[in-house]
2 protein chains.
Amino acid sequence: MATGAGNLHFEAVPGVRVAAVSAGLGRGGRDDLVLIEFAAGSVTAGVFTRSLFAAAPVLVGKRHLDIAAPRYFLINSGNANAGVGDAGIADALACCKALSKTAGVRPEEVLPFSTGVIGERLPVEKIVGSLDALVDGLSADNWERAARGIMTTDTRPKIATRQCDMAGTMVTITGIAKGAGMIQPDMATMLSYIATDAGCDRLTLSALLRRAVERSFNRITVDSDTSTNDSCMLTATGASGVDLDSDAEAREQFARMLRDLCVDLAQGIIRDAEGATKFVTVTVQNGASAGDCLKIAYAIANSPLMKTAIYAGDANWGRIVMAIGKAGVEADTSKLDVWLGDVCLMLGGQKHQDYTEAAGSAVMANEDITIIVDLNSGICTETVWTSDLSHEYVRINAEYRT
Amino acid sequence: MATGAGNLHFEAVPGVRVAAVSAGLGRGGRDDLVLIEFAAGSVTAGVFTRSLFAAAPVLVGKRHLDIAAPRYFLINSGNANAGVGDAGIADALACCKALSKTAGVRPEEVLPFSTGVIGERLPVEKIVGSLDALVDGLSADNWERAARGIMTTDTRPKIATRQCDMAGTMVTITGIAKGAGMIQPDMATMLSYIATDAGCDRLTLSALLRRAVERSFNRITVDSDTSTNDSCMLTATGASGVDLDSDAEAREQFARMLRDLCVDLAQGIIRDAEGATKFVTVTVQNGASAGDCLKIAYAIANSPLMKTAIYAGDANWGRIVMAIGKAGVEADTSKLDVWLGDVCLMLGGQKHQDYTEAAGSAVMANEDITIIVDLNSGICTETVWTSDLSHEYVRINAEYRT
């Protein structure tokens with residue numbers, strides 16, 4: 001998209017150090033191995049893909065998270081370590097074990113993450129051979145380099161920071177994310193790592209993360225495809241001295257800040273979606289249930305016919321009607337209004353009398369487009385963000401492995 | 001696709017006459033108005049789209065079918081008469097009424113059908129002005145011209161015939177269909193008209209049609225999008241003298257023939273799918289339920305990542321694993337086998353030890369590709385047919401209204 005590289009400003013998080021190196025995993029000389037270190041006493045919550053074929057690092061990471069507090073995240077791009085059976089588990093464990101020796105922690109205090117091609121064995125030796133350099137490179141200021149190191153088909157790093165004064169103490173949240181395709185996350189996005197210097201127990205942190213993810217990463221779609229490796233992690237170092245468990249007001253402030261940051265990262269993924277030329281917001285409002293609203297929003301957001309019309313800048317609103325129709329929701333079509341930006345297309349189930357192609361086309365010419373469906377039959381509202389379907393999308397995915 | 005124009009051979013059906021003319025509905029001088037006439041005493045069954053925004057002709061047609069035996073189908077391309085509210089109903093009824101006067105039948109003995117752009121008023125005057133010429137043109141031999149007259153983005157007509165000797169009497173079934181995009185039919189395909197000279201009561205005919213459609217038109221997907229106008233009609237004139245109600249053996253013979261013909265037409269739609277370069281069969285076998293098998297088959301068939309890999313001829317089997325994973329089915333991945341044609345990709349949930357990229361690529365180079373997923377956990381099997389996602393698909397749908 002033409003939006004440029006996005007905002008790469010970030011604040012370091014006290015208690016967190018980051019490093020990235022090239023381990024030669026097949027992407028030229030690009031950084032492809034990332035390490036995130038958390039000070040002892042840090043608390044981590046995570047949400048992971050619900051894919052039946054969850055990748056080996058997801059299975060290992062969930063187990064480690066159950067039995068220990070993570071001190072290190074070891075993340076590689078270029079290889080997903082998925083679809084290789086039990087060998088993938090052994091490979092992920094071998095990496096954790098090697099890092100645990102280098103860093104002087106227990107293996108279960110290391111969480112492994114992978115992203116890239118599915119179905120190939122992880123090049124364990126290359127990773128293990130890079131661990132000394134990786135640990136040597138740890139620094140509080142390496143977040144942007146890490147954001148670049150986890151990229152695959154992404155064209156730019158996704159990084160976001162929020163700060164807030166909580167009763168006289170500055171609290172920071174900083175996060176990075178990757179993803180541009182295979183994006184309709186189910187419980188989390190492709191990969192996202194968020195850290196804060198607030199303090200929090202694990203149950204509360206987990207609840208805060210789930211609430212934020214539900215309204216951000218779980219509301220985006222590029223292609224309706226769900227990755228085998230989706231993971232979103234939130235770690236609280238407590239270095240600021242602010243304790244979210246004992247202060248309800250700080251907790252609410254933090255929750256808003258965290259959701260805001262997650263929306264920022266999630267929208268960054270859509271703006272960098274494979275081949276995207278448009279950023280599309282689909283809002284379905286006044287529905288009888290959140291489920292109804294989401295079904296219609298995703299039917300529109302995932303329709304190839306809708307996405308090609310948006311790519312063409314064609315206000316082909318018949319395709320919106322088609323998508324609403326196929327969503328499998330019971331609704332009174334005679335109450336239905338549809339808006340394209342501030343232009344009313346449909347009022348009470350039929351084309352608005354003042355609607356003109358020229359007005360519709362003017363909205364479609366924008367880079368940011370909003371589609372609003374008003375069901376006028378309840379109080380629920382849901383919003384989903386998506387991209388268009390372009391020639392470039394086909395080119396990227398037809399040539400991915402060549 | 002490179003498969004050529006397909007087989008256009010057909011047999012006329014005693015009791016049925018067909019005509020097509022150009023009514024100037026906006027497709028150059030191409031035929032865009034089709035009439036099918038059935039002899040008095042013919043019996044008709046139909047299945048229609050389940051879209052919430054079912055088009056006006058679908059609503060009118062269902063009502064007419066409830067109260068009368070159809071003598072005429074009046075079908076236009078270029079305009080879907082959908083998404084225009086009550087005005088669409090009035091327009092469809094006006095066409096039925098005008099034809100009923102010209103042909104000397106009751107208005108409810110006419111079923112209207114439309115396909116084309118959604119959201120524009122039907123040009124009733126142009127249609128009514130062409131009815132005399134249409135009725136004058138009726139002939140038993142006009143099936144191919146009718147098959148061309150109902151086309152929109154189709155590149156070639158879809159027509160199929162089956163004949164069978166039933167206890168000394170030859171029985172014929174002939175059908176036409178259209179559709180190339182907005183294809184994941186839900187109870188019927190875009191438009192299909194099938195006629196036979198067998199005799200049958202309406203309940204039996206309806207059951208025969210539903211059974212055939214469920215395993216043919218309801219098992220294809222181009223783009224996961226469902227039309228507002230899907231309709232599939234089967235009319236039995238009885239002219240052969242063979243009575244399906246009184247002869248169980250003839251009924252079973254007819255059911256097999258009908259299903260075979262419907263599969264032929266449905267596969268014709270996929271071979272002519274928008275921008276398609278490949279014909280893909282996805283079979284999911286030995287599942288615990290038909291629902292499980294279908295979820296996985298559609299997850300593969302509708303995945304844009306899978307479809308672009310097929311377009312590229314890339315045996316990117318990680319994307320098959322991804323699609324199985326996201327289907328929302330509980331299954332034991334360690335029992336799972338995946339085949340690409342006769343090449344085993346995955347055995348017991350991991351890459352087969354003998355699998356090579358060269359073997360996978362050789363299969364993907366074919367125009368017809370079969371993907372088989374064996375769940376090894378039950379007795380149910382389902383097959384879905386689909387196409388690939390090409391640059392040409394994006395071009396067709398980005399430029400549809402320009």
# chains A, B, ... in the order shown; residues from 1 in each chain; ligands from 1
$ residues_around --residues "A:Thr102" --least-positions-apart "4" --cutoff "10 Å" --atoms "only C-alpha atoms" --output "PyMOL selection string"
chain A and resi 97-98+128+131-132+135
$ interface_residues --of "chain A" --to "chain B" --cutoff "7 Å" --atoms "only C-alpha atoms" --output "number ranges by chain"
A: 51-53, 83-85, 118-119, 223, 225-228, 303-305, 308-309, 311-312, 318, 321-322, 325-326, 349-351, 390-391, 394, 397-399
$ write_last_selection --atoms "N, CA, C and O atoms" --output "short mmCIF file (atom, residue, chain, number, x, y, z; two decimals), in the first residue's frame"
data_model
loop_
_atom_site.label_atom_id
_atom_site.label_comp_id
_atom_site.auth_asym_id
_atom_site.auth_seq_id
_atom_site.Cartn_x
_atom_site.Cartn_y
_atom_site.Cartn_z
N SER A 51 -5.64 -24.08 15.22
CA SER A 51 -5.52 -25.02 14.09
C SER A 51 -5.32 -26.43 14.59
O SER A 51 -4.58 -26.67 15.54
N LEU A 52 -5.99 -27.38 13.92
CA LEU A 52 -5.81 -28.80 14.25
C LEU A 52 -4.35 -29.19 14.05
O LEU A 52 -3.81 -30.04 14.76
N PHE A 53 -3.71 -28.54 13.06
CA PHE A 53 -2.30 -28.81 12.78
C PHE A 53 -1.41 -27.75 13.44
O PHE A 53 -0.52 -27.22 12.78
N GLY A 83 3.77 -29.47 10.45
CA GLY A 83 3.47 -30.55 9.51
C GLY A 83 4.61 -31.53 9.33
O GLY A 83 4.70 -32.18 8.29
N VAL A 84 5.50 -31.63 10.32
CA VAL A 84 6.60 -32.58 10.20
C VAL A 84 6.55 -33.64 11.29
O VAL A 84 7.52 -34.35 11.53
N GLY A 85 5.38 -33.74 11.95
CA GLY A 85 5.19 -34.80 12.95
C GLY A 85 6.06 -34.60 14.18
O GLY A 85 6.45 -33.49 14.52
N ILE A 118 5.76 -24.33 5.55
CA ILE A 118 5.23 -25.46 6.30
C ILE A 118 5.76 -26.76 5.68
O ILE A 118 5.84 -26.87 4.47
N GLY A 119 6.11 -27.73 6.51
CA GLY A 119 6.39 -29.08 6.01
C GLY A 119 7.87 -29.41 5.81
O GLY A 119 8.19 -30.48 5.33
N ASP A 223 -7.21 -13.25 3.91
CA ASP A 223 -7.55 -14.26 2.92
C ASP A 223 -8.37 -15.40 3.52
O ASP A 223 -8.51 -16.44 2.88
N ASP A 225 -7.58 -17.45 5.59
CA ASP A 225 -6.76 -18.61 5.94
C ASP A 225 -6.11 -18.42 7.31
O ASP A 225 -5.64 -17.35 7.64
N THR A 226 -6.10 -19.50 8.09
CA THR A 226 -5.61 -19.43 9.46
C THR A 226 -4.30 -20.19 9.56
O THR A 226 -4.20 -21.33 9.13
N SER A 227 -3.30 -19.56 10.15
CA SER A 227 -1.96 -20.14 10.21
C SER A 227 -1.87 -21.27 11.22
O SER A 227 -2.65 -21.35 12.17
N THR A 228 -0.89 -22.12 11.01
CA THR A 228 -0.58 -23.19 11.97
C THR A 228 0.27 -22.68 13.13
O THR A 228 0.53 -23.42 14.08
N SER A 303 -15.26 -12.22 0.82
CA SER A 303 -15.77 -12.52 -0.52
C SER A 303 -14.76 -12.12 -1.59
O SER A 303 -14.41 -10.94 -1.71
N PRO A 304 -14.29 -13.07 -2.41
CA PRO A 304 -13.35 -12.72 -3.49
C PRO A 304 -13.98 -11.72 -4.46
O PRO A 304 -13.27 -10.87 -5.01
N LEU A 305 -15.29 -11.81 -4.67
CA LEU A 305 -15.94 -10.89 -5.60
C LEU A 305 -15.96 -9.48 -5.03
O LEU A 305 -15.75 -8.49 -5.74
N THR A 308 -12.27 -8.10 -5.18
CA THR A 308 -11.81 -7.67 -6.50
C THR A 308 -12.51 -6.37 -6.90
O THR A 308 -11.91 -5.53 -7.56
N ALA A 309 -13.78 -6.20 -6.53
CA ALA A 309 -14.48 -4.94 -6.83
C ALA A 309 -13.79 -3.78 -6.11
O ALA A 309 -13.61 -2.70 -6.68
N TYR A 311 -10.65 -3.66 -5.18
CA TYR A 311 -9.38 -3.45 -5.89
C TYR A 311 -9.59 -2.57 -7.12
O TYR A 311 -8.80 -1.66 -7.40
N ALA A 312 -10.70 -2.82 -7.83
CA ALA A 312 -10.98 -2.06 -9.06
C ALA A 312 -11.55 -0.68 -8.77
O ALA A 312 -11.75 0.11 -9.68
N GLY A 318 -24.00 -4.51 -5.52
CA GLY A 318 -24.70 -5.78 -5.63
C GLY A 318 -23.92 -6.90 -4.95
O GLY A 318 -24.49 -7.84 -4.41
N VAL A 321 -24.69 -6.91 -1.27
CA VAL A 321 -25.98 -7.57 -1.08
C VAL A 321 -25.82 -9.09 -1.16
O VAL A 321 -26.33 -9.83 -0.31
N MET A 322 -25.07 -9.55 -2.17
CA MET A 322 -24.82 -10.98 -2.32
C MET A 322 -24.18 -11.54 -1.06
O MET A 322 -24.60 -12.57 -0.53
N GLY A 325 -26.44 -11.77 1.85
CA GLY A 325 -27.40 -12.84 1.60
C GLY A 325 -26.86 -14.22 1.91
O GLY A 325 -27.57 -15.08 2.41
N LYS A 326 -25.57 -14.44 1.65
CA LYS A 326 -25.02 -15.80 1.83
C LYS A 326 -24.52 -16.06 3.25
O LYS A 326 -24.08 -17.15 3.54
N GLY A 349 -33.71 -1.87 2.63
CA GLY A 349 -33.65 -3.04 1.76
C GLY A 349 -33.67 -2.75 0.29
O GLY A 349 -33.65 -3.67 -0.53
N GLN A 350 -33.75 -1.46 -0.11
CA GLN A 350 -33.63 -1.17 -1.54
C GLN A 350 -32.70 0.00 -1.80
O GLN A 350 -32.39 0.78 -0.92
N LYS A 351 -32.26 0.08 -3.03
CA LYS A 351 -31.33 1.13 -3.46
C LYS A 351 -31.87 2.50 -3.03
O LYS A 351 -33.04 2.81 -3.26
N SER A 390 -5.83 -8.35 -5.21
CA SER A 390 -5.21 -7.71 -6.36
C SER A 390 -4.40 -8.71 -7.19
O SER A 390 -4.14 -9.84 -6.76
N HIS A 391 -3.99 -8.27 -8.36
CA HIS A 391 -3.06 -9.08 -9.16
C HIS A 391 -1.81 -9.41 -8.36
O HIS A 391 -1.27 -10.51 -8.45
N VAL A 394 -2.12 -12.47 -6.18
CA VAL A 394 -1.96 -13.72 -6.92
C VAL A 394 -0.48 -13.97 -7.23
O VAL A 394 0.02 -15.07 -7.05
N ASN A 397 1.54 -15.09 -4.09
CA ASN A 397 1.25 -16.43 -3.59
C ASN A 397 1.47 -17.53 -4.61
O ASN A 397 1.60 -18.69 -4.26
N ALA A 398 1.48 -17.15 -5.90
CA ALA A 398 1.83 -18.14 -6.91
C ALA A 398 3.34 -18.36 -6.93
O ALA A 398 3.82 -19.44 -7.25
N GLU A 399 4.09 -17.32 -6.53
CA GLU A 399 5.56 -17.41 -6.64
C GLU A 399 6.25 -17.64 -5.30
O GLU A 399 7.47 -17.65 -5.23
#
$ atom_distance --atom1 "atom CA of B:Asp91" --atom2 "atom CA of B:Ile159"
29.1 Å
$ atom_distance --atom1 "atom CA of B:Arg251" --atom2 "atom CA of B:Gly41"
19.3 Å
$ atom_distance --atom1 "atom CA of A:Lys101" --atom2 "atom CA of A:Phe113"
18.3 Å
$ select_by_dssp --residues "stretch 166-377 of chain B" --states "helix (DSSP H, G or I)" --output "PDB file with C-alpha atoms, in the first residue's frame"
ATOM      1  CA  ARG B 202     -44.206 -33.732  -8.482  1.00  0.00           C
ATOM      2  CA  LEU B 203     -43.184 -35.117  -5.099  1.00  0.00           C
ATOM      3  CA  THR B 204     -41.116 -37.893  -6.632  1.00  0.00           C
ATOM      4  CA  LEU B 205     -39.619 -35.529  -9.216  1.00  0.00           C
ATOM      5  CA  SER B 206     -38.681 -33.114  -6.444  1.00  0.00           C
ATOM      6  CA  ALA B 207     -37.000 -35.872  -4.429  1.00  0.00           C
ATOM      7  CA  LEU B 208     -35.075 -37.052  -7.507  1.00  0.00           C
ATOM      8  CA  LEU B 209     -33.917 -33.501  -8.244  1.00  0.00           C
ATOM      9  CA  ARG B 210     -32.819 -32.778  -4.670  1.00  0.00           C
ATOM     10  CA  ARG B 211     -30.842 -35.995  -4.464  1.00  0.00           C
ATOM     11  CA  ALA B 212     -29.065 -35.282  -7.766  1.00  0.00           C
ATOM     12  CA  VAL B 213     -28.372 -31.596  -6.972  1.00  0.00           C
ATOM     13  CA  GLU B 214     -26.970 -32.419  -3.521  1.00  0.00           C
ATOM     14  CA  PHE B 217     -24.296 -28.526  -8.119  1.00  0.00           C
ATOM     15  CA  ASN B 218     -24.070 -28.429  -4.314  1.00  0.00           C
ATOM     16  CA  ARG B 219     -20.527 -29.837  -4.440  1.00  0.00           C
ATOM     17  CA  ALA B 248     -39.120 -48.667  -9.186  1.00  0.00           C
ATOM     18  CA  GLU B 249     -36.431 -50.029 -11.470  1.00  0.00           C
ATOM     19  CA  ALA B 250     -36.964 -47.295 -14.057  1.00  0.00           C
ATOM     20  CA  ARG B 251     -36.899 -44.726 -11.214  1.00  0.00           C
ATOM     21  CA  GLU B 252     -33.498 -45.919 -10.000  1.00  0.00           C
ATOM     22  CA  GLN B 253     -32.176 -45.998 -13.566  1.00  0.00           C
ATOM     23  CA  PHE B 254     -33.466 -42.470 -14.074  1.00  0.00           C
ATOM     24  CA  ALA B 255     -31.953 -41.270 -10.754  1.00  0.00           C
ATOM     25  CA  ARG B 256     -28.505 -42.506 -11.801  1.00  0.00           C
ATOM     26  CA  MET B 257     -28.857 -40.916 -15.231  1.00  0.00           C
ATOM     27  CA  LEU B 258     -30.019 -37.615 -13.721  1.00  0.00           C
ATOM     28  CA  ARG B 259     -27.191 -37.481 -11.210  1.00  0.00           C
ATOM     29  CA  ASP B 260     -24.701 -38.273 -13.956  1.00  0.00           C
ATOM     30  CA  LEU B 261     -26.109 -35.449 -16.104  1.00  0.00           C
ATOM     31  CA  CYS B 262     -26.075 -32.974 -13.171  1.00  0.00           C
ATOM     32  CA  VAL B 263     -22.438 -33.844 -12.369  1.00  0.00           C
ATOM     33  CA  ASP B 264     -21.640 -33.260 -16.051  1.00  0.00           C
ATOM     34  CA  LEU B 265     -23.234 -29.786 -16.002  1.00  0.00           C
ATOM     35  CA  ALA B 266     -21.757 -28.882 -12.598  1.00  0.00           C
ATOM     36  CA  GLN B 267     -18.257 -29.911 -13.683  1.00  0.00           C
ATOM     37  CA  GLY B 268     -18.828 -27.896 -16.866  1.00  0.00           C
ATOM     38  CA  ILE B 269     -19.299 -24.810 -14.681  1.00  0.00           C
ATOM     39  CA  ILE B 270     -15.998 -25.488 -12.896  1.00  0.00           C
ATOM     40  CA  ARG B 271     -14.137 -26.088 -16.174  1.00  0.00           C
ATOM     41  CA  ALA B 290     -20.212 -36.286   6.034  1.00  0.00           C
ATOM     42  CA  GLY B 291     -20.148 -32.847   7.698  1.00  0.00           C
ATOM     43  CA  ASP B 292     -16.512 -33.304   8.792  1.00  0.00           C
ATOM     44  CA  CYS B 293     -15.524 -34.414   5.288  1.00  0.00           C
ATOM     45  CA  LEU B 294     -17.292 -31.445   3.658  1.00  0.00           C
ATOM     46  CA  LYS B 295     -15.774 -28.894   6.078  1.00  0.00           C
ATOM     47  CA  ILE B 296     -12.262 -30.065   5.233  1.00  0.00           C
ATOM     48  CA  ALA B 297     -12.996 -30.357   1.501  1.00  0.00           C
ATOM     49  CA  TYR B 298     -14.366 -26.799   1.335  1.00  0.00           C
ATOM     50  CA  ALA B 299     -11.552 -25.430   3.543  1.00  0.00           C
ATOM     51  CA  ILE B 300      -9.095 -26.723   0.929  1.00  0.00           C
ATOM     52  CA  ALA B 301     -11.223 -25.844  -2.120  1.00  0.00           C
ATOM     53  CA  ASN B 302     -11.901 -22.263  -0.987  1.00  0.00           C
ATOM     54  CA  PRO B 304      -7.017 -18.497  -1.686  1.00  0.00           C
ATOM     55  CA  LEU B 305      -3.521 -19.696  -0.727  1.00  0.00           C
ATOM     56  CA  MET B 306      -4.279 -23.227  -1.937  1.00  0.00           C
ATOM     57  CA  LYS B 307      -5.862 -21.908  -5.133  1.00  0.00           C
ATOM     58  CA  THR B 308      -2.916 -19.637  -5.996  1.00  0.00           C
ATOM     59  CA  ALA B 309      -0.480 -22.514  -5.369  1.00  0.00           C
ATOM     60  CA  ILE B 310      -2.501 -24.691  -7.775  1.00  0.00           C
ATOM     61  CA  TYR B 311      -2.481 -21.868 -10.323  1.00  0.00           C
ATOM     62  CA  ALA B 312       1.304 -21.752 -10.013  1.00  0.00           C
ATOM     63  CA  GLY B 318       1.947 -27.066   3.573  1.00  0.00           C
ATOM     64  CA  ARG B 319      -1.091 -25.126   2.422  1.00  0.00           C
ATOM     65  CA  ILE B 320      -3.155 -28.350   2.345  1.00  0.00           C
ATOM     66  CA  VAL B 321      -2.075 -28.963   5.948  1.00  0.00           C
ATOM     67  CA  MET B 322      -2.979 -25.362   6.840  1.00  0.00           C
ATOM     68  CA  ALA B 323      -6.451 -25.703   5.284  1.00  0.00           C
ATOM     69  CA  ILE B 324      -7.163 -29.017   7.046  1.00  0.00           C
ATOM     70  CA  GLY B 325      -6.048 -27.391  10.289  1.00  0.00           C
ATOM     71  CA  LYS B 326      -8.393 -24.434  10.034  1.00  0.00           C
ATOM     72  CA  THR B 333      -3.673 -35.868  12.897  1.00  0.00           C
ATOM     73  CA  SER B 334      -1.422 -38.884  13.458  1.00  0.00           C
ATOM     74  CA  LYS B 335      -3.861 -41.012  11.380  1.00  0.00           C
ATOM     75  CA  GLU B 357       9.190 -32.206  -4.847  1.00  0.00           C
ATOM     76  CA  ALA B 358       9.721 -33.575  -8.352  1.00  0.00           C
ATOM     77  CA  ALA B 359       6.933 -36.134  -7.892  1.00  0.00           C
ATOM     78  CA  GLY B 360       4.569 -33.495  -6.471  1.00  0.00           C
ATOM     79  CA  SER B 361       5.376 -31.017  -9.228  1.00  0.00           C
ATOM     80  CA  ALA B 362       4.729 -33.625 -11.913  1.00  0.00           C
ATOM     81  CA  VAL B 363       1.160 -34.078 -10.636  1.00  0.00           C
ATOM     82  CA  MET B 364       0.623 -30.311 -10.319  1.00  0.00           C
TER      83      MET B 364
END
$ residues_around --residues "stretch 171-178 of chain A" --least-positions-apart "3" --cutoff "6 Å" --atoms "only C-alpha atoms" --output "CSV table (one decimal) with N, CA, C and O atoms, in the first residue's frame"
chain,number,residue,atom,x,y,z
A,147,ALA,N,11.6,-6.6,14.9
A,147,ALA,CA,10.3,-6.6,14.1
A,147,ALA,C,10.6,-6.9,12.7
A,147,ALA,O,9.8,-7.6,12.0
A,151,MET,N,9.8,-11.0,10.0
A,151,MET,CA,9.0,-10.8,8.7
A,151,MET,C,9.2,-12.0,7.8
A,151,MET,O,10.3,-12.6,7.7
A,158,LYS,N,6.1,-4.1,11.8
A,158,LYS,CA,4.9,-3.6,12.5
A,158,LYS,C,5.4,-3.5,14.0
A,158,LYS,O,5.7,-4.5,14.6
A,159,ILE,N,5.4,-2.2,14.5
A,159,ILE,CA,5.8,-2.0,15.9
A,159,ILE,C,4.9,-0.9,16.4
A,159,ILE,O,4.5,0.0,15.7
A,160,ALA,N,4.6,-1.0,17.7
A,160,ALA,CA,3.7,0.0,18.3
A,160,ALA,C,4.1,0.2,19.8
A,160,ALA,O,4.5,-0.8,20.5
A,161,THR,N,3.9,1.4,20.3
A,161,THR,CA,4.3,1.7,21.7
A,161,THR,C,3.1,2.6,22.3
A,161,THR,O,2.5,3.4,21.6
A,162,ARG,N,2.8,2.3,23.5
A,162,ARG,CA,1.9,3.2,24.3
A,162,ARG,C,2.5,3.5,25.6
A,162,ARG,O,3.2,2.6,26.2
A,163,GLN,N,2.4,4.8,26.1
A,163,GLN,CA,2.9,5.1,27.4
A,163,GLN,C,1.8,5.8,28.2
A,163,GLN,O,1.0,6.6,27.6
A,164,CYS,N,1.7,5.7,29.5
A,164,CYS,CA,0.7,6.3,30.3
A,164,CYS,C,1.2,6.6,31.7
A,164,CYS,O,1.9,5.7,32.2
A,191,LEU,N,2.2,-13.8,14.5
A,191,LEU,CA,3.1,-13.7,15.6
A,191,LEU,C,3.1,-12.3,16.2
A,191,LEU,O,3.2,-11.4,15.4
A,192,SER,N,2.9,-12.2,17.4
A,192,SER,CA,3.0,-10.8,18.0
A,192,SER,C,3.6,-11.0,19.4
A,192,SER,O,3.2,-11.9,20.2
A,193,TYR,N,4.5,-10.1,19.8
A,193,TYR,CA,5.2,-10.1,21.1
A,193,TYR,C,5.0,-8.7,21.7
A,193,TYR,O,5.4,-7.7,21.1
A,194,ILE,N,4.4,-8.6,22.8
A,194,ILE,CA,4.1,-7.4,23.5
A,194,ILE,C,4.7,-7.4,24.9
A,194,ILE,O,4.6,-8.4,25.6
A,195,ALA,N,5.4,-6.4,25.3
A,195,ALA,CA,6.0,-6.3,26.7
A,195,ALA,C,5.6,-5.1,27.4
A,195,ALA,O,5.4,-4.0,26.7
A,196,THR,N,5.5,-5.1,28.7
A,196,THR,CA,5.2,-3.9,29.5
A,196,THR,C,6.0,-4.0,30.8
A,196,THR,O,6.4,-5.1,31.2
$ residues_around --residues "A:Ile127" --least-positions-apart "2" --cutoff "12 Å" --atoms "only C-alpha atoms" --output "MDAnalysis selection string"
chainID A and resid 20:26 31:35 74:79 91:92 94:99 112 114 122:125 129:134
$ select_by_dssp --residues "stretch 66-148 of chain B" --states "strand (DSSP E)" --output "NGL selection string"
:B and (72-79 or 110-117)
$ closest_residue --among "B:Leu65, B:Leu340, B:Val43, B:Ala273" --to "B:Asp388" --atoms "only C-alpha atoms"
B:Ala273
